[in-house]
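> Input file: target-v1.txt. Contents: compact mmCIF, C-alpha atoms.
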```
# COMPACT_ATOMS: atom_id res chain seq x y z
CA MET A 1 -2.73 -15.58 -29.86
CA ASP A 2 -3.00 -11.93 -30.92
CA TRP A 3 0.00 -9.62 -30.64
CA GLN A 4 -1.34 -7.78 -27.57
CA ASN A 5 -1.78 -10.94 -25.51
CA LYS A 6 1.61 -12.19 -26.67
CA ILE A 7 3.24 -9.01 -25.32
CA LYS A 8 1.44 -9.34 -21.97
CA GLU A 9 2.44 -12.99 -21.63
CA ALA A 10 6.06 -12.23 -22.52
CA LEU A 11 6.28 -9.43 -19.96
CA SER A 12 4.70 -11.58 -17.26
CA LYS A 13 7.51 -14.12 -17.82
CA ARG A 14 10.24 -11.46 -17.91
CA GLU A 15 11.22 -12.18 -21.51
CA GLU A 16 13.72 -9.72 -22.92
CA LEU A 17 12.94 -10.23 -26.59
CA ILE A 18 9.43 -10.30 -28.01
CA GLU A 19 9.02 -11.37 -31.63
CA LEU A 20 5.75 -10.69 -33.43
CA LYS A 21 4.42 -11.48 -36.87
CA VAL A 22 1.57 -9.25 -38.06
CA PRO A 23 -0.14 -9.07 -41.46
CA LYS A 24 0.86 -5.49 -42.18
CA VAL A 25 3.16 -2.89 -40.69
CA ASN A 26 2.50 0.79 -41.28
CA ASP A 27 2.83 4.04 -39.36
CA HIS A 28 -0.63 3.61 -37.86
CA PHE A 29 0.17 0.15 -36.50
CA ILE A 30 3.55 1.22 -35.11
CA GLN A 31 1.91 4.08 -33.23
CA LYS A 32 -0.71 1.67 -31.90
CA LEU A 33 2.06 -0.70 -30.81
CA GLN A 34 3.99 2.05 -29.00
CA ASP A 35 0.84 3.24 -27.24
CA TYR A 36 0.07 -0.29 -26.12
CA LEU A 37 3.59 -0.90 -24.79
CA GLN A 38 3.11 2.05 -22.43
CA ILE A 39 0.16 0.39 -20.70
CA ALA A 40 1.08 -3.29 -21.15
CA ALA A 41 3.06 -3.28 -17.91
CA PHE A 42 -0.11 -2.60 -15.92
CA HIS A 43 -1.61 -5.80 -17.34
CA SER A 44 1.47 -7.98 -16.88
CA GLY A 45 1.88 -8.15 -13.13
CA TYR A 46 5.13 -8.30 -11.19
CA PHE A 47 7.68 -8.22 -14.02
CA GLY A 48 5.61 -5.84 -16.10
CA TYR A 49 6.10 -3.16 -13.47
CA LEU A 50 9.87 -3.67 -13.69
CA VAL A 51 10.03 -2.69 -17.38
CA GLN A 52 12.36 0.28 -17.81
CA ASN A 53 12.12 0.90 -21.54
CA SER A 54 11.85 -0.88 -24.87
CA LYS A 55 13.26 -0.65 -28.39
CA THR A 56 11.30 -1.80 -31.45
CA GLN A 57 12.61 -3.00 -34.80
CA TYR A 58 10.29 -3.83 -37.67
CA SER A 59 10.17 -4.60 -41.36
CA SER A 60 7.53 -4.08 -44.01
CA ASN A 61 6.80 -7.82 -44.22
CA GLY A 62 5.31 -7.83 -40.71
CA ASP A 63 8.28 -9.02 -38.63
CA ILE A 64 8.62 -7.10 -35.36
CA LYS A 65 11.24 -7.45 -32.63
CA ILE A 66 10.84 -5.67 -29.29
CA LYS A 67 13.85 -5.53 -26.96
CA ILE A 68 12.73 -5.06 -23.35
CA ASN A 69 15.02 -3.57 -20.72
CA TYR A 70 14.15 -4.24 -17.10
CA GLN A 71 15.12 -2.31 -13.98
CA GLU A 72 16.64 -5.50 -12.56
CA SER A 73 19.05 -7.91 -14.21
CA LYS A 74 17.85 -11.45 -14.75
CA GLU A 75 20.15 -12.67 -11.99
CA GLU A 76 18.76 -10.08 -9.57
CA SER A 77 15.18 -11.08 -10.34
CA ILE A 78 16.04 -14.74 -9.84
CA SER A 79 17.53 -13.97 -6.42
CA VAL A 80 14.35 -12.14 -5.38
CA VAL A 81 12.19 -15.11 -6.42
CA GLN A 82 14.53 -17.43 -4.51
CA PHE A 83 14.14 -15.21 -1.44
CA ALA A 84 10.35 -15.47 -1.75
CA ASN A 85 10.56 -19.27 -2.00
CA THR A 86 12.77 -19.47 1.09
CA PHE A 87 10.51 -17.08 3.00
CA MET A 88 7.56 -19.31 2.20
CA GLN A 89 9.35 -22.44 3.42
CA ASN A 90 10.81 -20.92 6.59
CA ARG A 91 8.13 -18.45 7.72
CA LEU A 92 4.79 -19.28 6.10
CA ALA A 93 4.62 -23.02 5.50
CA LYS A 94 3.55 -23.85 9.08
CA ILE A 95 0.83 -21.17 9.22
CA SER A 96 -2.57 -22.30 7.99
CA ASN A 97 -4.63 -19.13 8.53
CA GLU A 98 -4.35 -16.71 5.60
CA TRP A 99 -5.04 -13.69 7.83
CA GLU A 100 -2.04 -14.56 9.99
CA LYS A 101 0.07 -14.92 6.86
CA LEU A 102 -1.06 -11.49 5.67
CA LEU A 103 -0.09 -9.85 8.97
CA LEU A 104 3.27 -11.61 9.12
CA ILE A 105 4.23 -10.55 5.58
CA HIS A 106 3.07 -6.98 6.12
CA ASP A 107 4.97 -6.55 9.39
CA PHE A 108 8.13 -8.24 8.08
CA LEU A 109 8.46 -5.97 5.03
CA ARG A 110 7.33 -2.83 6.86
CA ASP A 111 10.02 -3.31 9.49
CA LYS A 112 12.75 -4.57 7.14
CA ILE A 113 12.52 -1.78 4.55
CA SER A 114 12.60 1.97 5.00
CA TYR A 115 11.45 4.54 2.47
CA ASP A 116 14.28 5.81 0.28
CA ALA A 117 13.82 9.58 0.02
CA SER A 118 16.73 9.77 -2.43
CA HIS A 119 14.77 7.62 -4.92
CA SER A 120 17.93 5.68 -5.78
CA HIS A 121 16.64 2.25 -4.70
CA LYS A 122 13.62 1.33 -6.76
CA THR A 123 13.59 -2.43 -7.27
CA PRO A 124 12.72 -5.41 -5.07
CA PHE A 125 16.33 -6.60 -5.35
CA LEU A 126 17.73 -3.33 -4.01
CA ALA A 127 15.01 -3.21 -1.34
CA LEU A 128 16.18 -6.58 0.03
CA LYS A 129 19.87 -5.80 -0.40
CA THR A 130 19.92 -2.31 1.14
CA GLY A 131 16.78 -2.22 3.28
CA LYS A 132 15.64 0.89 1.42
CA SER A 133 13.19 1.41 -1.42
CA VAL A 134 10.60 3.60 -3.03
CA CYS A 135 7.03 2.39 -3.40
CA LEU A 136 7.80 0.04 -6.31
CA GLY A 137 10.03 -2.21 -4.22
CA PHE A 138 7.54 -2.27 -1.33
CA ALA A 139 4.50 -3.10 -3.46
CA LEU A 140 6.15 -5.68 -5.72
CA LEU A 141 7.74 -7.58 -2.84
CA PHE A 142 4.47 -7.51 -0.92
CA GLY A 143 2.58 -8.89 -3.90
CA LEU A 144 5.20 -11.58 -4.55
CA LEU A 145 5.13 -12.85 -0.96
CA LEU A 146 1.33 -12.77 -0.90
CA LYS A 147 1.31 -14.92 -4.02
CA GLN A 148 3.63 -17.40 -2.32
CA ALA A 149 1.20 -17.46 0.62
CA GLY A 150 -1.74 -18.20 -1.68
CA ILE A 151 -3.37 -14.82 -1.03
CA LYS A 152 -4.92 -13.07 -4.00
CA GLN A 153 -3.83 -9.51 -4.65
CA CYS A 154 -3.47 -6.98 -7.44
CA TYR A 155 -1.14 -4.04 -7.99
CA VAL A 156 -2.70 -0.60 -8.16
CA SER A 157 -0.73 2.27 -9.63
CA GLY A 158 -1.51 5.92 -10.13
CA VAL A 159 -0.87 9.11 -8.19
CA ALA A 160 -0.91 9.68 -4.44
CA ARG A 161 -1.20 12.96 -2.56
CA ASP A 162 0.69 13.25 0.69
CA PRO A 163 -1.89 14.12 3.38
CA HIS A 164 0.58 16.44 5.12
CA THR A 165 2.51 18.19 2.33
CA ARG A 166 -0.36 17.96 -0.20
CA THR A 167 2.19 17.18 -2.92
CA LYS A 168 1.39 14.55 -5.57
CA ASP A 169 3.67 11.86 -6.97
CA ASN A 170 3.48 8.63 -8.95
CA HIS A 171 2.72 5.73 -6.63
CA ILE A 172 1.96 2.02 -6.50
CA TRP A 173 0.17 0.06 -3.77
CA ASN A 174 -1.78 -3.20 -3.36
CA LYS A 175 -5.31 -4.48 -3.07
CA VAL A 176 -5.72 -7.74 -1.16
CA MET A 177 -8.55 -10.24 -1.60
CA ILE A 178 -8.84 -12.31 1.55
CA GLY A 179 -11.64 -14.07 3.40
CA GLY A 180 -14.10 -13.00 0.72
CA LEU A 181 -13.27 -9.34 1.39
CA VAL A 182 -11.20 -6.76 -0.49
CA TYR A 183 -9.06 -4.08 1.15
CA THR A 184 -6.34 -1.64 0.15
CA ILE A 185 -2.93 -1.90 1.79
CA ASP A 186 -0.29 0.77 1.24
CA LEU A 187 2.82 -0.81 2.70
CA THR A 188 5.01 2.14 1.73
CA TRP A 189 2.95 4.60 3.73
CA ASP A 190 2.72 2.20 6.68
CA SER A 191 6.52 2.14 6.71
CA CYS A 192 6.59 5.94 6.70
CA THR A 193 4.09 6.24 9.58
CA LYS A 194 5.26 3.28 11.70
CA ALA A 195 6.58 5.57 14.45
CA THR A 196 3.05 6.80 15.17
CA ASN A 197 0.77 4.21 13.58
CA PRO A 198 2.30 1.12 11.91
CA TYR A 199 -1.12 0.16 10.48
CA SER A 200 -2.37 3.50 9.14
CA TYR A 201 -2.99 2.06 5.66
CA PHE A 202 -3.55 -1.60 6.52
CA CYS A 203 -6.82 -3.01 5.15
CA VAL A 204 -8.50 0.31 4.44
CA MET A 205 -11.61 0.88 2.34
CA ASP A 206 -11.76 2.79 -0.95
CA LYS A 207 -13.67 5.63 0.66
CA GLN A 208 -10.95 6.02 3.29
CA VAL A 209 -8.20 6.71 0.75
CA ILE A 210 -10.18 8.31 -2.05
CA ILE A 211 -8.79 11.75 -1.20
CA SER A 212 -5.15 10.59 -1.32
CA HIS A 213 -4.88 7.72 -3.83
CA PHE A 214 -5.86 8.23 -7.47
CA THR A 215 -5.84 5.17 -9.72
CA GLU A 216 -4.26 5.04 -13.19
CA PRO A 217 -7.16 4.78 -15.70
CA ASN A 218 -5.46 2.14 -17.90
CA LEU A 219 -5.30 -0.57 -15.24
CA PRO A 220 -7.10 -3.91 -15.56
CA PRO A 221 -10.45 -4.02 -13.71
CA ILE A 222 -9.86 -3.61 -9.97
CA PRO A 223 -12.35 -5.04 -7.46
CA LYS A 224 -14.04 -2.55 -5.16
CA SER A 225 -13.20 -2.74 -1.50
CA SER A 226 -15.43 -4.12 1.23
CA ASP A 227 -17.83 -1.70 2.90
CA ILE A 228 -17.06 -3.19 6.33
CA PRO A 229 -14.43 -1.19 8.28
CA PHE A 230 -11.55 -3.49 9.13
CA TYR A 231 -11.67 -2.72 12.85
CA GLN A 232 -15.23 -4.04 12.96
CA LEU A 233 -13.94 -7.47 11.91
CA ILE A 234 -11.57 -7.41 14.88
CA ALA A 235 -14.26 -6.20 17.28
CA ALA A 236 -16.59 -8.95 16.08
CA GLY A 237 -13.96 -11.61 16.70
CA LYS A 238 -13.86 -12.71 13.06
CA LEU A 239 -10.07 -12.65 12.89
CA PRO A 240 -7.30 -14.56 14.72
CA LYS A 241 -6.60 -13.29 18.23
CA ILE A 242 -3.26 -11.97 17.03
CA TYR A 243 -5.21 -9.15 15.38
CA ASN A 244 -6.43 -7.80 18.72
CA ARG A 245 -3.20 -5.85 19.05
CA LEU A 246 -4.07 -3.94 15.85
CA TYR A 247 -7.37 -2.64 17.14
CA PRO A 248 -6.06 0.58 18.76
CA TYR A 249 -4.29 1.42 15.50
CA VAL A 250 -7.02 0.68 12.96
CA SER A 251 -9.98 1.96 14.98
CA PRO A 252 -10.52 5.71 15.38
CA GLY A 253 -11.53 4.97 18.97
CA LYS A 254 -13.88 7.20 20.90
CA LEU A 255 -14.59 10.23 18.69
CA LEU A 256 -15.31 13.39 20.67
CA LYS A 257 -16.89 16.11 18.56
CA TYR A 258 -17.46 18.68 21.31
CA PRO A 259 -15.61 19.70 24.52
CA GLU A 260 -18.64 18.53 26.47
CA ASP A 261 -17.92 14.99 25.25
CA LEU A 262 -14.44 15.13 26.78
CA ARG A 263 -15.84 16.63 29.96
CA ASP A 264 -18.07 13.57 30.35
CA LEU A 265 -15.14 11.25 29.64
CA LEU A 266 -12.72 12.65 32.23
CA LYS A 267 -12.99 11.09 35.67
CA GLY A 268 -10.02 12.70 37.40
CA PRO A 269 -6.30 11.88 37.12
CA GLY A 270 -5.40 9.15 34.65
CA GLU A 271 -4.69 8.40 31.02
CA TYR A 272 -7.33 8.90 28.34
CA GLU A 273 -7.28 8.01 24.64
CA PHE A 274 -9.74 9.55 22.20
CA SER A 275 -10.01 11.33 18.86
CA ILE A 276 -11.25 14.73 17.81
CA PRO A 277 -12.08 15.88 14.25
CA LYS A 278 -8.94 16.54 12.23
CA GLY A 279 -8.03 20.22 12.13
CA GLY A 280 -9.48 21.00 15.54
CA ASN A 281 -7.59 23.08 18.10
CA LEU A 282 -6.63 20.42 20.63
CA LYS A 283 -5.36 22.83 23.26
CA GLN A 284 -8.55 24.87 23.18
CA PHE A 285 -10.63 21.68 23.08
CA ILE A 286 -9.03 20.43 26.31
CA LYS A 287 -9.17 23.82 27.98
CA SER A 288 -12.88 24.17 27.25
CA ALA A 289 -13.56 20.66 28.51
CA THR A 290 -11.61 20.92 31.74
CA SER A 291 -12.35 24.48 32.83
CA ARG A 292 -15.72 23.69 34.38
CA ASN A 293 -14.34 20.65 36.13
CA ARG A 294 -11.60 22.84 37.60
CA GLU A 295 -8.92 20.44 36.47
CA ASN A 296 -5.36 21.64 36.96
CA LEU A 297 -4.42 22.61 33.40
CA SER A 298 -0.78 22.97 34.36
CA SER A 299 -0.52 19.23 34.99
CA TYR A 300 -1.63 17.51 31.83
CA HIS A 301 0.32 16.08 28.92
CA THR A 302 -0.81 15.07 25.43
CA ASN A 303 0.55 13.11 22.50
CA SER A 304 -1.39 13.44 19.28
CA TYR A 305 -1.12 12.88 15.55
CA ASP A 306 -3.35 13.22 12.52
CA ASP A 307 -5.03 10.04 11.31
CA SER A 308 -5.70 10.98 7.69
CA VAL A 309 -7.52 7.74 6.88
CA HIS A 310 -10.21 8.36 9.50
CA GLY A 311 -10.04 12.15 9.29
CA VAL A 312 -9.33 12.57 12.99
CA GLN A 313 -6.61 13.66 15.36
CA ARG A 314 -5.74 10.80 17.72
CA VAL A 315 -5.01 11.95 21.26
CA LYS A 316 -3.47 10.42 24.35
CA LEU A 317 -4.08 12.72 27.31
CA THR A 318 -2.61 12.25 30.76
CA LEU A 319 -4.10 14.15 33.71
CA LYS A 320 -2.07 14.22 36.90
```
What's the structure tokens form of this structure?

Amino acid sequence: MDWQNKIKEALSKREELIELKVPKVNDHFIQKLQDYLQIAAFHSGYFGYLVQNSKTQYSSNGDIKIKINYQESKEESISVVQFANTFMQNRLAKISNEWEKLLLIHDFLRDKISYDASHSHKTPFLALKTGKSVCLGFALLFGLLLKQAGIKQCYVSGVARDPHTRTKDNHIWNKVMIGGLVYTIDLTWDSCTKATNPYSYFCVMDKQVIISHFTEPNLPPIPKSSDIPFYQLIAAGKLPKIYNRLYPYVSPGKLLKYPEDLRDLLKGPGEYEFSIPKGGNLKQFIKSATSRNRENLSSYHTNSYDDSVHGVQRVKLTLK
């Protein structure tokens, strides 16, 4: 086994000391080793992403020792793995459909953990202990439970741009391979948007998040997502019935591009749900649509929010 594969295997097993024997050690090799250690975590899965730093000792005869420091203690990591085993036995073992398992895991973690804006809780252990975490805890726990459920996934790290503040920050999320299809799931962002849409970033396509998620170039090969919008799978009845409740969240619904479209939709007092292109003036849109119908503009109410994945503003309008 060459030294690079030995490092990857050691990190994947959470080993704290890696010993290598190479034919020759010189400044060029040491630089190559340090450069590789910076990207090895991306190729080493769950524990690789928990590497905090490393310290290398070497001698001229080719003996190299690398001390790895992790963000969790060994005991903390063991407790997280034990939690995953228990979760599998108690919550997943009796479920045969992998789609149902996916939804259960997603909803459990989304509701159990809140985003830690202080950035003081970063690991899966702290996420379970405190109920707070940054993206690392969300993504690693999600991937670990998916593995227990027999669902293939990969970690994707890079930079994400907040669709509202436009600020960029380091980020990690997941890609799930299920039912012969591949989708992106950003559990962290679903937790942050659960008050308005708890499935904003559940099973989305590459082209839906290309303007907000930018992948680290040194990652292992990542499969491209399906070109079938997730809500079409629900509409076609290709998923368990439990997924029907997701449809209003993952589908952009009736998209109205012009006030005339809303005018045709309104049939008097009642509740209407629709979308308009993101960035549109909702108040003016409604006013233009209702003026000719002589609706009473003083007696309507709207709730709306931006759906950045679909590029629309979702609207619930109530006419009295």
> May I ask which of the residues A:Gly179, A:Pro248, A:Lys65, A:Phe47 is the closest one to Ile78 in chain A, counting all atoms listed in the file?
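Of A:Gly179, A:Pro248, A:Lys65, A:Phe47, the one nearest Ile78 in chain A, counting all atoms listed in the file, is A:Phe47.
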> Tell me which of A:His28, A:Lys175, A:Lys254, A:Lys267 sits closest to Lys320 in chain A, counting all atoms listed in the file.
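Closest residue, counting all atoms listed in the file: A:Lys267.
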> Could you tell me which of A:Leu146, A:Val250, A:Leu11, A:Leu233 comes closest to Asn197 in chain A if we count all atoms listed in the file?
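So, comparing all the options, the nearest one is A:Val250.
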> Of the candidates A:Ile178, A:Leu266, A:Leu128, A:Leu109, which one gets nearest to Lys152 in chain A if we count all atoms listed in the file?
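Of all the options, A:Ile178 lies closest to Lys152 in chain A.
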> Quote the spacing between CA of Ile234 in chain A and CA of Glu273 in chain A in Å to one decimal place.
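CA of Glu273 in chain A lies at a distance of 18.7 Å from CA of Ile234 in chain A.
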> Excluding Phe285 in chain A and residues on its chain fewer than 3 positions from it, collect all residues at most 12 Å away from it, counting only C-alpha atoms, and give them as a list in words.
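Neighbouring residues, sequence-local ones excluded: Leu256, Lys257, Tyr258, Pro259, Glu260, Asp261, Leu262, Arg263, Ser275, Ile276, Pro277, Gly279, Gly280, Asn281, Leu282, Ser288, Ala289, Thr290, Ser291, Gln313, Val315 and Leu317 of chain A.
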> Could you check how far CA of Leu126 in chain A sits from CA of Val182 in chain A, in Å to one decimal?
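Interatomic distance, CA of Leu126 in chain A to CA of Val182 in chain A: 29.3 Å.
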> Mind listing whatever residues come within 10 Å of the point (9.8, -12.9, -33.4)? Use only C-alpha atoms, file coordinates, and give them as a PDB file with C-alpha atoms, keeping the file's coordinate frame.

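The resulting out.pdb:
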```
ATOM      1  CA  LEU A  17      12.940 -10.230 -26.590  1.00  0.00           C
ATOM      2  CA  ILE A  18       9.430 -10.300 -28.010  1.00  0.00           C
ATOM      3  CA  GLU A  19       9.020 -11.370 -31.630  1.00  0.00           C
ATOM      4  CA  LEU A  20       5.750 -10.690 -33.430  1.00  0.00           C
ATOM      5  CA  LYS A  21       4.420 -11.480 -36.870  1.00  0.00           C
ATOM      6  CA  GLY A  62       5.310  -7.830 -40.710  1.00  0.00           C
ATOM      7  CA  ASP A  63       8.280  -9.020 -38.630  1.00  0.00           C
ATOM      8  CA  ILE A  64       8.620  -7.100 -35.360  1.00  0.00           C
ATOM      9  CA  LYS A  65      11.240  -7.450 -32.630  1.00  0.00           C
ATOM     10  CA  ILE A  66      10.840  -5.670 -29.290  1.00  0.00           C
TER      11      ILE A  66
END
```
> In Å, with one decimal, what is the gap from CA of Tyr272 in chain A to CA of Lys316 in chain A?
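So the two atoms, CA of Tyr272 in chain A and CA of Lys316 in chain A, lie 5.8 Å apart.
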> Would you pick out the contacts of Leu141 in chain A at 12 Å or less, using all atoms listed in the file, so that residues sharing its chain but fewer than 5 positions from it are not included, and give the list as an MDAnalysis selection string?
chainID A and resid 45:47 49:50 77 80:81 83:84 87 105:106 108:110 112:113 122:128 133:136 146:148 153 155 172:174 187:188
> Would you mind listing what lies within 7 Å of Ser191 in chain A as a list in words, with all atoms listed in the file counted and same-chain residues fewer than 5 positions away left out?
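Skipping anything fewer than 5 positions along the chain leaves Arg110, Ser114, Tyr115 and Pro198 of chain A.
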> Using all atoms listed in the file, can you tell me which of A:Ser308, A:Asn85, A:Ser157, A:Gln232 comes closest to Gln208 in chain A?
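Nearest to Gln208 in chain A: A:Ser308.
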> Within 9 Å of (-12.0, 2.2, -4.4), in the coordinates the file gives, what residues turn up when you count all atoms listed in the file, written out as a PyMOL selection string?
chain A and resi 183-184+205-210+215+222-225
> Would you please work out which residue, of A:Cys203, A:Glu15, A:Gly150, A:His121, is nearest to Glu98 in chain A when using only C-alpha atoms?
A:Gly150
